[in-house]
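Text of query_27.txt (compact mmCIF, C-alpha atoms) as supplied:
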```
# COMPACT_ATOMS: atom_id res chain seq x y z
CA MET M 107 -44.81 -45.86 45.06
CA SER M 108 -48.21 -45.19 46.59
CA PHE M 109 -50.97 -43.99 44.34
CA ILE M 110 -52.06 -40.36 44.45
CA LEU M 111 -55.12 -39.35 42.43
CA ASP M 112 -54.43 -36.32 40.28
CA PRO M 113 -56.10 -33.37 42.02
CA ARG M 114 -57.71 -32.21 38.77
CA ILE M 115 -59.48 -35.55 38.37
CA ALA M 116 -60.44 -35.45 42.05
CA ALA M 117 -61.86 -31.94 41.71
CA GLY M 118 -64.02 -32.78 38.70
CA SER M 119 -65.55 -36.02 39.91
CA HIS M 120 -67.06 -37.87 42.86
CA PRO M 121 -65.67 -41.09 44.33
CA LEU M 122 -67.63 -44.23 43.50
CA ALA M 123 -65.69 -47.38 44.15
CA GLN M 124 -62.29 -48.93 44.50
CA LEU M 125 -62.26 -51.62 41.84
CA ASP M 126 -59.51 -54.23 41.76
CA LEU M 127 -57.33 -52.03 39.55
CA CYS M 128 -59.02 -48.68 39.22
CA GLU M 129 -60.51 -45.95 41.27
CA ALA M 130 -63.95 -45.42 39.70
CA ARG M 131 -65.25 -41.85 39.78
CA LEU M 132 -68.49 -40.23 38.67
CA GLN M 133 -67.68 -37.24 36.47
CA ASP M 134 -69.38 -34.23 38.02
CA ASP M 135 -71.28 -33.34 34.88
CA ALA M 136 -75.01 -33.99 34.94
CA ARG M 137 -75.20 -33.53 31.15
CA PHE M 138 -73.93 -37.08 30.62
CA PRO M 139 -73.73 -40.25 32.71
CA TRP M 140 -69.96 -40.52 32.79
CA ILE M 141 -67.52 -42.64 34.75
CA VAL M 142 -63.78 -42.11 34.89
CA LEU M 143 -61.53 -45.06 35.70
CA VAL M 144 -58.09 -44.35 37.11
CA PRO M 145 -55.74 -47.32 37.50
CA ARG M 146 -54.01 -47.10 40.88
CA ARG M 147 -50.56 -47.30 39.31
CA GLN M 148 -48.50 -44.27 40.17
CA GLY M 149 -46.74 -42.86 37.12
CA ALA M 150 -48.79 -44.73 34.49
CA VAL M 151 -49.55 -42.53 31.48
CA GLU M 152 -50.12 -44.86 28.53
CA ILE M 153 -52.16 -48.06 28.73
CA THR M 154 -48.98 -49.92 27.82
CA ASP M 155 -47.45 -48.66 31.09
CA LEU M 156 -49.65 -51.31 32.73
CA GLY M 157 -48.58 -54.92 32.75
CA GLN M 158 -50.53 -57.31 30.54
CA GLU M 159 -52.67 -58.61 33.40
CA ALA M 160 -53.54 -55.07 34.51
CA GLN M 161 -54.42 -54.18 30.92
CA MET M 162 -56.91 -57.03 30.84
CA GLN M 163 -58.29 -55.92 34.20
CA LEU M 164 -58.67 -52.38 32.86
CA TRP M 165 -60.66 -53.83 30.02
CA THR M 166 -62.91 -55.76 32.43
CA GLU M 167 -63.46 -52.67 34.55
CA THR M 168 -64.16 -50.56 31.44
CA LEU M 169 -66.95 -52.98 30.51
CA ALA M 170 -68.28 -52.77 34.06
CA ALA M 171 -68.22 -48.99 33.90
CA GLY M 172 -70.18 -49.16 30.65
CA ALA M 173 -72.89 -51.20 32.35
CA ALA M 174 -72.88 -48.76 35.27
CA VAL M 175 -73.18 -45.76 32.95
CA ARG M 176 -76.16 -47.39 31.27
CA ALA M 177 -77.73 -48.07 34.68
CA VAL M 178 -77.27 -44.43 35.70
CA GLY M 179 -78.93 -43.31 32.48
CA GLU M 180 -81.91 -45.56 33.20
CA ALA M 181 -82.15 -44.38 36.81
CA LEU M 182 -82.21 -40.75 35.69
CA SER M 183 -84.83 -41.54 33.01
CA ARG M 184 -82.34 -40.79 30.24
CA PRO M 185 -81.49 -44.19 28.76
CA VAL M 186 -78.14 -44.35 27.01
CA LEU M 187 -78.15 -44.88 23.25
CA LYS M 188 -74.40 -45.26 22.70
CA LEU M 189 -71.36 -45.67 24.88
CA ASN M 190 -68.35 -43.50 24.12
CA HIS M 191 -64.91 -44.54 25.33
CA GLY M 192 -61.91 -42.27 25.43
CA GLN M 193 -58.40 -42.41 26.71
CA LEU M 194 -56.67 -39.11 26.02
CA GLY M 195 -54.49 -37.75 28.81
CA ASN M 196 -53.39 -34.60 27.02
CA VAL M 197 -54.38 -32.33 29.89
CA VAL M 198 -54.07 -34.69 32.86
CA ALA M 199 -51.30 -37.15 32.11
CA GLN M 200 -52.28 -39.64 34.84
CA LEU M 201 -53.71 -42.64 33.00
CA HIS M 202 -57.50 -42.55 33.02
CA VAL M 203 -60.31 -43.90 30.85
CA HIS M 204 -63.59 -42.13 30.15
CA VAL M 205 -66.81 -44.10 29.72
CA VAL M 206 -69.66 -41.82 28.69
CA GLY M 207 -73.29 -42.54 27.93
CA ARG M 208 -74.65 -40.63 24.97
CA ARG M 209 -78.12 -39.77 23.72
CA ARG M 210 -79.41 -38.10 20.60
CA ASP M 211 -80.78 -35.29 22.75
CA ASP M 212 -77.65 -34.64 24.79
CA PRO M 213 -76.11 -31.21 24.22
CA ALA M 214 -72.93 -32.44 22.51
CA TRP M 215 -74.51 -35.07 20.23
CA PRO M 216 -73.14 -36.28 17.85
CA GLY M 217 -69.81 -34.67 18.73
CA ALA M 218 -67.36 -35.79 21.38
CA VAL M 219 -67.87 -34.67 24.99
CA TRP M 220 -64.23 -33.79 25.64
CA GLY M 221 -63.84 -30.04 25.67
CA PHE M 222 -67.52 -29.52 24.92
CA GLY M 223 -69.04 -26.55 26.74
CA THR M 224 -68.98 -26.37 30.51
CA ALA M 225 -69.68 -29.16 32.97
CA GLU M 226 -72.97 -28.87 34.85
CA PRO M 227 -72.35 -30.15 38.37
CA TYR M 228 -74.94 -32.56 39.72
CA LEU M 229 -77.57 -31.27 42.13
CA PRO M 230 -77.86 -33.37 45.30
CA PRO M 231 -80.92 -35.48 44.36
CA GLY M 232 -79.53 -36.49 40.97
CA LEU M 233 -76.09 -37.03 42.43
CA SER M 234 -77.43 -39.35 45.07
CA VAL M 235 -79.36 -41.42 42.52
CA ALA M 236 -76.42 -41.52 40.11
CA ARG M 237 -73.89 -42.54 42.77
CA LYS M 238 -76.08 -45.21 44.33
CA THR M 239 -76.97 -46.66 40.95
CA ALA M 240 -73.39 -46.68 39.69
CA LEU M 241 -72.10 -48.14 42.93
CA ASN M 242 -74.66 -50.90 42.80
CA ALA M 243 -73.70 -51.75 39.22
CA LEU M 244 -69.99 -51.72 40.08
CA SER M 245 -70.28 -53.62 43.35
CA PRO M 246 -69.36 -57.03 41.88
CA PHE M 247 -66.03 -55.46 40.85
CA GLY M 248 -64.90 -53.72 44.07
CA ARG M 249 -65.94 -51.85 47.15
CA GLY M 250 -67.53 -48.44 47.56
CA SER M 251 -65.30 -45.51 48.36
CA MET I 886 -73.41 -61.85 6.97
CA SER I 887 -70.47 -60.57 4.98
CA PHE I 888 -68.70 -57.46 6.17
CA ILE I 889 -69.23 -54.17 4.36
CA LEU I 890 -67.09 -51.22 5.40
CA ASP I 891 -69.21 -48.14 6.07
CA PRO I 892 -68.76 -45.85 3.03
CA ARG I 893 -68.12 -42.82 5.26
CA ILE I 894 -65.17 -44.57 6.89
CA ALA I 895 -63.96 -45.71 3.47
CA ALA I 896 -64.18 -42.17 2.08
CA GLY I 897 -62.16 -40.63 4.91
CA SER I 898 -59.32 -43.10 5.10
CA HIS I 899 -56.89 -45.22 3.14
CA PRO I 900 -56.64 -49.00 3.39
CA LEU I 901 -53.63 -50.32 5.30
CA ALA I 902 -54.02 -53.94 6.30
CA GLN I 903 -56.41 -56.75 7.03
CA LEU I 904 -55.58 -57.72 10.59
CA ASP I 905 -56.98 -60.90 12.08
CA LEU I 906 -60.09 -59.09 13.31
CA CYS I 907 -60.00 -55.58 11.95
CA GLU I 908 -59.59 -53.69 8.78
CA ALA I 909 -56.87 -51.14 9.60
CA ARG I 910 -57.17 -47.80 7.82
CA LEU I 911 -55.03 -44.66 7.76
CA GLN I 912 -57.24 -41.66 8.50
CA ASP I 913 -56.78 -39.23 5.61
CA ASP I 914 -55.76 -36.34 7.82
CA ALA I 915 -52.13 -35.33 7.68
CA ARG I 916 -52.54 -33.22 10.83
CA PHE I 917 -52.26 -36.34 13.01
CA PRO I 918 -50.90 -39.87 12.55
CA TRP I 919 -54.20 -41.70 12.98
CA ILE I 920 -55.30 -45.27 12.42
CA VAL I 921 -58.90 -46.47 12.45
CA LEU I 922 -59.61 -50.10 13.25
CA VAL I 923 -62.87 -51.59 12.03
CA PRO I 924 -63.71 -55.11 13.24
CA ARG I 925 -65.03 -57.15 10.31
CA ARG I 926 -68.22 -58.06 12.15
CA GLN I 927 -71.25 -56.88 10.27
CA GLY I 928 -73.74 -55.15 12.54
CA ALA I 929 -71.37 -54.63 15.50
CA VAL I 930 -71.89 -51.23 17.14
CA GLU I 931 -70.71 -51.56 20.73
CA ILE I 932 -67.51 -53.33 21.76
CA THR I 933 -69.70 -55.74 23.71
CA ASP I 934 -71.27 -56.82 20.40
CA LEU I 935 -68.02 -58.72 19.88
CA GLY I 936 -67.47 -62.06 21.56
CA GLN I 937 -64.94 -62.17 24.37
CA GLU I 938 -62.18 -63.56 22.17
CA ALA I 939 -62.75 -60.88 19.55
CA GLN I 940 -62.70 -58.23 22.27
CA MET I 941 -59.25 -59.41 23.33
CA GLN I 942 -58.14 -59.42 19.71
CA LEU I 943 -59.43 -55.87 19.29
CA TRP I 944 -57.30 -54.94 22.27
CA THR I 945 -54.22 -56.60 20.74
CA GLU I 946 -54.80 -54.84 17.43
CA THR I 947 -55.36 -51.51 19.20
CA LEU I 948 -51.93 -51.86 20.80
CA ALA I 949 -50.45 -52.71 17.41
CA ALA I 950 -52.12 -49.65 15.90
CA GLY I 951 -50.60 -47.53 18.67
CA ALA I 952 -47.13 -48.77 17.78
CA ALA I 953 -47.85 -48.12 14.10
CA VAL I 954 -49.07 -44.59 14.81
CA ARG I 955 -45.87 -43.91 16.74
CA ALA I 956 -43.83 -45.28 13.83
CA VAL I 957 -45.65 -43.03 11.37
CA GLY I 958 -44.95 -40.02 13.58
CA GLU I 959 -41.24 -40.91 13.62
CA ALA I 960 -41.15 -41.45 9.86
CA LEU I 961 -42.73 -38.04 9.26
CA SER I 962 -40.31 -36.40 11.74
CA ARG I 963 -43.13 -35.61 14.12
CA PRO I 964 -42.63 -38.03 17.02
CA VAL I 965 -45.77 -38.78 18.99
CA LEU I 966 -45.93 -37.56 22.58
CA LYS I 967 -49.22 -39.17 23.62
CA LEU I 968 -51.58 -41.73 22.16
CA ASN I 969 -55.28 -40.92 22.20
CA HIS I 970 -57.84 -43.72 21.93
CA GLY I 971 -61.47 -43.19 21.16
CA GLN I 972 -64.46 -45.36 20.42
CA LEU I 973 -67.46 -43.14 19.76
CA GLY I 974 -69.72 -44.21 16.91
CA ASN I 975 -72.19 -41.37 17.24
CA VAL I 976 -71.97 -40.42 13.58
CA VAL I 977 -70.97 -43.73 11.99
CA ALA I 978 -72.52 -46.52 14.03
CA GLN I 979 -70.30 -49.28 12.58
CA LEU I 980 -67.95 -50.26 15.41
CA HIS I 981 -64.56 -48.62 14.96
CA VAL I 982 -61.69 -47.56 17.20
CA HIS I 983 -59.54 -44.48 16.70
CA VAL I 984 -55.85 -44.51 17.62
CA VAL I 985 -54.33 -41.05 17.24
CA GLY I 986 -50.83 -39.78 17.86
CA ARG I 987 -50.70 -36.39 19.54
CA ARG I 988 -48.02 -33.71 19.93
CA ARG I 989 -47.90 -30.48 21.83
CA ASP I 990 -47.61 -28.60 18.56
CA ASP I 991 -50.51 -30.29 16.77
CA PRO I 992 -53.40 -27.95 15.91
CA ALA I 993 -55.93 -29.52 18.30
CA TRP I 994 -53.65 -29.95 21.33
CA PRO I 995 -54.62 -30.45 24.12
CA GLY I 996 -58.20 -30.93 22.98
CA ALA I 997 -59.66 -34.01 21.35
CA VAL I 998 -59.31 -34.50 17.59
CA TRP I 999 -62.89 -35.60 17.00
CA GLY I 1000 -64.80 -32.79 15.36
CA PHE I 1001 -61.77 -30.51 15.43
CA GLY I 1002 -61.47 -28.32 12.34
CA THR I 1003 -61.21 -29.84 8.90
CA ALA I 1004 -59.16 -32.84 7.86
CA GLU I 1005 -56.12 -32.07 5.73
CA PRO I 1006 -55.79 -34.89 3.22
CA TYR I 1007 -52.30 -36.32 2.78
CA LEU I 1008 -50.23 -35.26 -0.19
CA PRO I 1009 -48.76 -38.19 -2.15
CA PRO I 1010 -45.21 -38.19 -0.68
CA GLY I 1011 -46.39 -38.08 2.95
CA LEU I 1012 -49.12 -40.58 2.23
CA SER I 1013 -46.67 -43.02 0.75
CA VAL I 1014 -44.32 -42.76 3.74
CA ALA I 1015 -47.18 -43.01 6.22
CA ARG I 1016 -48.76 -46.04 4.57
CA LYS I 1017 -45.51 -47.93 4.12
CA THR I 1018 -44.46 -47.23 7.68
CA ALA I 1019 -47.80 -48.20 9.18
CA LEU I 1020 -48.03 -51.31 7.07
CA ASN I 1021 -44.58 -52.39 8.13
CA ALA I 1022 -45.46 -51.89 11.79
CA LEU I 1023 -48.72 -53.80 11.40
CA SER I 1024 -47.33 -56.62 9.27
CA PRO I 1025 -46.88 -59.07 12.18
CA PHE I 1026 -50.64 -58.77 12.75
CA GLY I 1027 -52.06 -59.28 9.26
CA ARG I 1028 -51.60 -58.70 5.59
CA GLY I 1029 -51.54 -55.49 3.56
CA SER I 1030 -54.70 -54.43 1.78
```
Could you take the file, read its structure, and then write that structure out as structure tokens?
Amino acid sequence: MSFILDPRIAAGSHPLAQLDLCEARLQDDARFPWIVLVPRRQGAVEITDLGQEAQMQLWTETLAAGAAVRAVGEALSRPVLKLNHGQLGNVVAQLHVHVVGRRRDDPAWPGAVWGFGTAEPYLPPGLSVARKTALNALSPFGRGS
Amino acid sequence: MSFILDPRIAAGSHPLAQLDLCEARLQDDARFPWIVLVPRRQGAVEITDLGQEAQMQLWTETLAAGAAVRAVGEALSRPVLKLNHGQLGNVVAQLHVHVVGRRRDDPAWPGAVWGFGTAEPYLPPGLSVARKTALNALSPFGRGS
């Protein structure tokens, strides 16, 4: 079964890279450096829907996304204090993992970002910096998309 | 450096089991079947503060906690529809992972549980069922505490 990205994830994020397992996307919310990883496994909802090898790969790619999120924070002069990881899937069932960089001065701190306020889409200059930086950090793990 | 559980985690949860890596705790919130895993590594804040082997063990114990959360939901006649995983640490820095069982009729659905409303402490009968059930599900991974 070929993989189709959920249109709600597609609409709220920008493509970054095709990693070995996941499609990596930049969440279109300039309030937080935020990468969403979507394993290209049609029908997967829970992490346990992945085979054991794919689960390990998801873990590897989650770590890579964390490094990329930190790099984006640096590039935008807003260094990340703490990574937040979430795997919810209550709204969009398609399995996806959030990796979010948090700062004491971000608008949601210290609360969770999910459901907090309204996303602020990137403006072109910031988007370009964020995408290039994230792509560069992810490049050992896949190819740009 | 010996491990000391953060007193805020201790105050909001009940002990379940000492797994190989983590202290497993039942979040004292009867609204959701919810286990918190705390790696016994003093000073760890980010998952990457753990060595690679401990990271894999955290993953194994997270899966076990997911099965235990599902078992608790069954035992309380509120079967879990979706697992939610979160690793935040914005309020309590000590590394900990949340594994939460969600249902369409839970009060926070489909939003995230973190920061949602006020915890509803377990009453003794439900607490006893939840603890016994979780402990039984976790027993292959450690000993009761």
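Neighbours of Val965 of chain I closer than or equal to 7 Å, with all atoms listed in the file counted and sequence neighbours fewer than 6 positions away skipped, come out as Arg955, Gly958, Gly986, Arg987 and Arg988 of chain I.
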Spatial neighbours of Ala225 of chain M, 9 Å, only C-alpha atoms, chain gap at least 4 places, as a list in words: Gly118, Asp134, Asp135, Ala136 and Arg137 of chain M
Spatial neighbours of Ala160 of chain M, max dist 10 Å, only C-alpha atoms, sep filter under 5 positions, as a PyMOL selection string: chain M and resi 126-128+145+147+153-155+165-166
Interatomic distance (Å, one decimal) between atom CA of Gly149 of chain M and atom CA of Thr168 of chain M: 19.9 Å
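Counting from atom CA of Val178 of chain M, the distance to atom CA of Arg131 of chain M is 13.0 Å.
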Å distance separating atom CA of Leu125 of chain M from atom CA of Glu167 of chain M, one decimal place: 7.5 Å
List as a compact mmCIF listing (two decimals) with C-alpha atoms, in the coordinates of the input the protein and nucleic acid residues near Lys188 of chain M, meaning an atom at most 10 Å away when all atoms listed in the file are counted, but skip any in the same chain fewer than 3 places from it.
```txt
# COMPACT_ATOMS: atom_id res chain seq x y z
CA GLY M 172 -70.18 -49.16 30.65
CA ARG M 176 -76.16 -47.39 31.27
CA PRO M 185 -81.49 -44.19 28.76
CA HIS M 191 -64.91 -44.54 25.33
CA VAL M 206 -69.66 -41.82 28.69
CA GLY M 207 -73.29 -42.54 27.93
CA ARG M 208 -74.65 -40.63 24.97
CA ARG M 209 -78.12 -39.77 23.72
CA ARG M 210 -79.41 -38.10 20.60
CA VAL I 930 -71.89 -51.23 17.14
CA GLU I 931 -70.71 -51.56 20.73
CA LEU I 973 -67.46 -43.14 19.76
CA GLY I 974 -69.72 -44.21 16.91
CA ASN I 975 -72.19 -41.37 17.24
CA ALA I 978 -72.52 -46.52 14.03
```
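The chain I residues that come within 7 Å of chain M are Leu968, Asn969, His970, Gly971, Gln972, Leu973, Asn975, Val976, Pro995, Gly996, Ala997, Trp999 and Gly1000 of chain I, with only C-alpha atoms taken into account.
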Close residues, Ala1022 of chain I itself excluded, 9 Å, only C-alpha atoms, min 3 positions apart in chain, as a list in words: Ala949, Ala950, Ala952, Ala953, Val954, Ala956, Val957, Lys1017, Thr1018, Ala1019, Pro1025 and Phe1026 of chain I
Go ahead and fit an axis-aligned box to every listed atom of segment 179-197 of chain M plus 4 Å each side, and pass me the centre and edge lengths in Å, one decimal, as lines of an AutoDock Vina configuration file.
```
center_x = -69.1
center_y = -39.0
center_z = 29.8
size_x = 39.4
size_y = 21.3
size_z = 22.1
```
Minimum-distance residue to Ala116 of chain M, chosen among M:Ala236, M:Ala214, M:Val144, M:Ala150 (using only C-alpha atoms): M:Val144
Would you mind completing segment 177-203 of chain M so that it carries N, CA, C and O atoms, and writing it out as a PDB file, in the frame of the given file?
```
ATOM      1  N   ALA M 177     -76.809 -47.998  33.532  1.00  0.00           N
ATOM      2  CA  ALA M 177     -77.730 -48.070  34.680  1.00  0.00           C
ATOM      3  C   ALA M 177     -78.044 -46.664  35.188  1.00  0.00           C
ATOM      4  O   ALA M 177     -79.201 -46.362  35.533  1.00  0.00           O
ATOM      5  N   VAL M 178     -77.039 -45.808  35.240  1.00  0.00           N
ATOM      6  CA  VAL M 178     -77.270 -44.430  35.700  1.00  0.00           C
ATOM      7  C   VAL M 178     -78.227 -43.714  34.736  1.00  0.00           C
ATOM      8  O   VAL M 178     -79.156 -43.022  35.167  1.00  0.00           O
ATOM      9  N   GLY M 179     -78.028 -43.909  33.450  1.00  0.00           N
ATOM     10  CA  GLY M 179     -78.930 -43.310  32.480  1.00  0.00           C
ATOM     11  C   GLY M 179     -80.377 -43.742  32.707  1.00  0.00           C
ATOM     12  O   GLY M 179     -81.305 -42.926  32.699  1.00  0.00           O
ATOM     13  N   GLU M 180     -80.554 -45.038  32.933  1.00  0.00           N
ATOM     14  CA  GLU M 180     -81.910 -45.560  33.200  1.00  0.00           C
ATOM     15  C   GLU M 180     -82.482 -44.925  34.464  1.00  0.00           C
ATOM     16  O   GLU M 180     -83.637 -44.497  34.502  1.00  0.00           O
ATOM     17  N   ALA M 181     -81.659 -44.871  35.517  1.00  0.00           N
ATOM     18  CA  ALA M 181     -82.150 -44.380  36.810  1.00  0.00           C
ATOM     19  C   ALA M 181     -82.540 -42.911  36.732  1.00  0.00           C
ATOM     20  O   ALA M 181     -83.424 -42.455  37.469  1.00  0.00           O
ATOM     21  N   LEU M 182     -81.884 -42.178  35.833  1.00  0.00           N
ATOM     22  CA  LEU M 182     -82.210 -40.750  35.690  1.00  0.00           C
ATOM     23  C   LEU M 182     -83.198 -40.521  34.548  1.00  0.00           C
ATOM     24  O   LEU M 182     -83.396 -39.384  34.114  1.00  0.00           O
ATOM     25  N   SER M 183     -83.830 -41.605  34.093  1.00  0.00           N
ATOM     26  CA  SER M 183     -84.830 -41.540  33.010  1.00  0.00           C
ATOM     27  C   SER M 183     -84.254 -40.952  31.727  1.00  0.00           C
ATOM     28  O   SER M 183     -84.953 -40.271  30.974  1.00  0.00           O
ATOM     29  N   ARG M 184     -82.965 -41.205  31.502  1.00  0.00           N
ATOM     30  CA  ARG M 184     -82.340 -40.790  30.240  1.00  0.00           C
ATOM     31  C   ARG M 184     -81.511 -41.962  29.717  1.00  0.00           C
ATOM     32  O   ARG M 184     -80.285 -41.945  29.773  1.00  0.00           O
ATOM     33  N   PRO M 185     -82.201 -42.972  29.196  1.00  0.00           N
ATOM     34  CA  PRO M 185     -81.490 -44.190  28.760  1.00  0.00           C
ATOM     35  C   PRO M 185     -80.402 -43.878  27.729  1.00  0.00           C
ATOM     36  O   PRO M 185     -80.599 -43.043  26.847  1.00  0.00           O
ATOM     37  N   VAL M 186     -79.308 -44.543  27.881  1.00  0.00           N
ATOM     38  CA  VAL M 186     -78.140 -44.350  27.010  1.00  0.00           C
ATOM     39  C   VAL M 186     -78.374 -45.031  25.665  1.00  0.00           C
ATOM     40  O   VAL M 186     -78.799 -46.184  25.614  1.00  0.00           O
ATOM     41  N   LEU M 187     -78.062 -44.305  24.593  1.00  0.00           N
ATOM     42  CA  LEU M 187     -78.150 -44.880  23.250  1.00  0.00           C
ATOM     43  C   LEU M 187     -76.814 -45.521  22.861  1.00  0.00           C
ATOM     44  O   LEU M 187     -76.766 -46.604  22.289  1.00  0.00           O
ATOM     45  N   LYS M 188     -75.720 -44.837  23.181  1.00  0.00           N
ATOM     46  CA  LYS M 188     -74.400 -45.260  22.700  1.00  0.00           C
ATOM     47  C   LYS M 188     -73.360 -44.976  23.761  1.00  0.00           C
ATOM     48  O   LYS M 188     -73.365 -43.890  24.345  1.00  0.00           O
ATOM     49  N   LEU M 189     -72.501 -45.927  24.001  1.00  0.00           N
ATOM     50  CA  LEU M 189     -71.360 -45.670  24.880  1.00  0.00           C
ATOM     51  C   LEU M 189     -70.236 -45.014  24.079  1.00  0.00           C
ATOM     52  O   LEU M 189     -70.006 -45.382  22.925  1.00  0.00           O
ATOM     53  N   ASN M 190     -69.582 -44.073  24.691  1.00  0.00           N
ATOM     54  CA  ASN M 190     -68.350 -43.500  24.120  1.00  0.00           C
ATOM     55  C   ASN M 190     -67.214 -43.798  25.080  1.00  0.00           C
ATOM     56  O   ASN M 190     -67.359 -43.618  26.299  1.00  0.00           O
ATOM     57  N   HIS M 191     -66.098 -44.253  24.528  1.00  0.00           N
ATOM     58  CA  HIS M 191     -64.910 -44.540  25.330  1.00  0.00           C
ATOM     59  C   HIS M 191     -63.782 -43.634  24.861  1.00  0.00           C
ATOM     60  O   HIS M 191     -63.577 -43.482  23.655  1.00  0.00           O
ATOM     61  N   GLY M 192     -63.050 -43.082  25.801  1.00  0.00           N
ATOM     62  CA  GLY M 192     -61.910 -42.270  25.430  1.00  0.00           C
ATOM     63  C   GLY M 192     -60.780 -42.404  26.412  1.00  0.00           C
ATOM     64  O   GLY M 192     -60.988 -42.515  27.620  1.00  0.00           O
ATOM     65  N   GLN M 193     -59.592 -42.422  25.876  1.00  0.00           N
ATOM     66  CA  GLN M 193     -58.400 -42.410  26.710  1.00  0.00           C
ATOM     67  C   GLN M 193     -57.489 -41.391  26.046  1.00  0.00           C
ATOM     68  O   GLN M 193     -56.954 -41.646  24.972  1.00  0.00           O
ATOM     69  N   LEU M 194     -57.402 -40.204  26.653  1.00  0.00           N
ATOM     70  CA  LEU M 194     -56.670 -39.110  26.020  1.00  0.00           C
ATOM     71  C   LEU M 194     -55.436 -38.776  26.852  1.00  0.00           C
ATOM     72  O   LEU M 194     -54.339 -39.170  26.514  1.00  0.00           O
ATOM     73  N   GLY M 195     -55.629 -38.033  27.933  1.00  0.00           N
ATOM     74  CA  GLY M 195     -54.490 -37.750  28.810  1.00  0.00           C
ATOM     75  C   GLY M 195     -53.629 -36.607  28.330  1.00  0.00           C
ATOM     76  O   GLY M 195     -52.460 -36.512  28.719  1.00  0.00           O
ATOM     77  N   ASN M 196     -54.183 -35.731  27.500  1.00  0.00           N
ATOM     78  CA  ASN M 196     -53.390 -34.600  27.020  1.00  0.00           C
ATOM     79  C   ASN M 196     -53.313 -33.491  28.062  1.00  0.00           C
ATOM     80  O   ASN M 196     -52.340 -32.749  28.107  1.00  0.00           O
ATOM     81  N   VAL M 197     -54.361 -33.364  28.860  1.00  0.00           N
ATOM     82  CA  VAL M 197     -54.380 -32.330  29.890  1.00  0.00           C
ATOM     83  C   VAL M 197     -53.882 -32.911  31.215  1.00  0.00           C
ATOM     84  O   VAL M 197     -52.958 -32.384  31.825  1.00  0.00           O
ATOM     85  N   VAL M 198     -54.500 -33.990  31.646  1.00  0.00           N
ATOM     86  CA  VAL M 198     -54.070 -34.690  32.860  1.00  0.00           C
ATOM     87  C   VAL M 198     -53.374 -35.963  32.407  1.00  0.00           C
ATOM     88  O   VAL M 198     -54.010 -36.855  31.842  1.00  0.00           O
ATOM     89  N   ALA M 199     -52.072 -36.024  32.641  1.00  0.00           N
ATOM     90  CA  ALA M 199     -51.300 -37.150  32.110  1.00  0.00           C
ATOM     91  C   ALA M 199     -51.619 -38.461  32.825  1.00  0.00           C
ATOM     92  O   ALA M 199     -51.512 -39.532  32.227  1.00  0.00           O
ATOM     93  N   GLN M 200     -52.007 -38.398  34.089  1.00  0.00           N
ATOM     94  CA  GLN M 200     -52.280 -39.640  34.840  1.00  0.00           C
ATOM     95  C   GLN M 200     -53.274 -40.502  34.051  1.00  0.00           C
ATOM     96  O   GLN M 200     -54.352 -40.033  33.681  1.00  0.00           O
ATOM     97  N   LEU M 201     -52.895 -41.742  33.828  1.00  0.00           N
ATOM     98  CA  LEU M 201     -53.710 -42.640  33.000  1.00  0.00           C
ATOM     99  C   LEU M 201     -55.144 -42.720  33.521  1.00  0.00           C
ATOM    100  O   LEU M 201     -55.368 -43.028  34.698  1.00  0.00           O
ATOM    101  N   HIS M 202     -56.093 -42.440  32.647  1.00  0.00           N
ATOM    102  CA  HIS M 202     -57.500 -42.550  33.020  1.00  0.00           C
ATOM    103  C   HIS M 202     -58.323 -42.820  31.770  1.00  0.00           C
ATOM    104  O   HIS M 202     -57.945 -42.421  30.659  1.00  0.00           O
ATOM    105  N   VAL M 203     -59.433 -43.504  31.957  1.00  0.00           N
ATOM    106  CA  VAL M 203     -60.310 -43.900  30.850  1.00  0.00           C
ATOM    107  C   VAL M 203     -61.696 -43.300  31.102  1.00  0.00           C
ATOM    108  O   VAL M 203     -62.220 -43.416  32.211  1.00  0.00           O
TER     109      VAL M 203
END
```
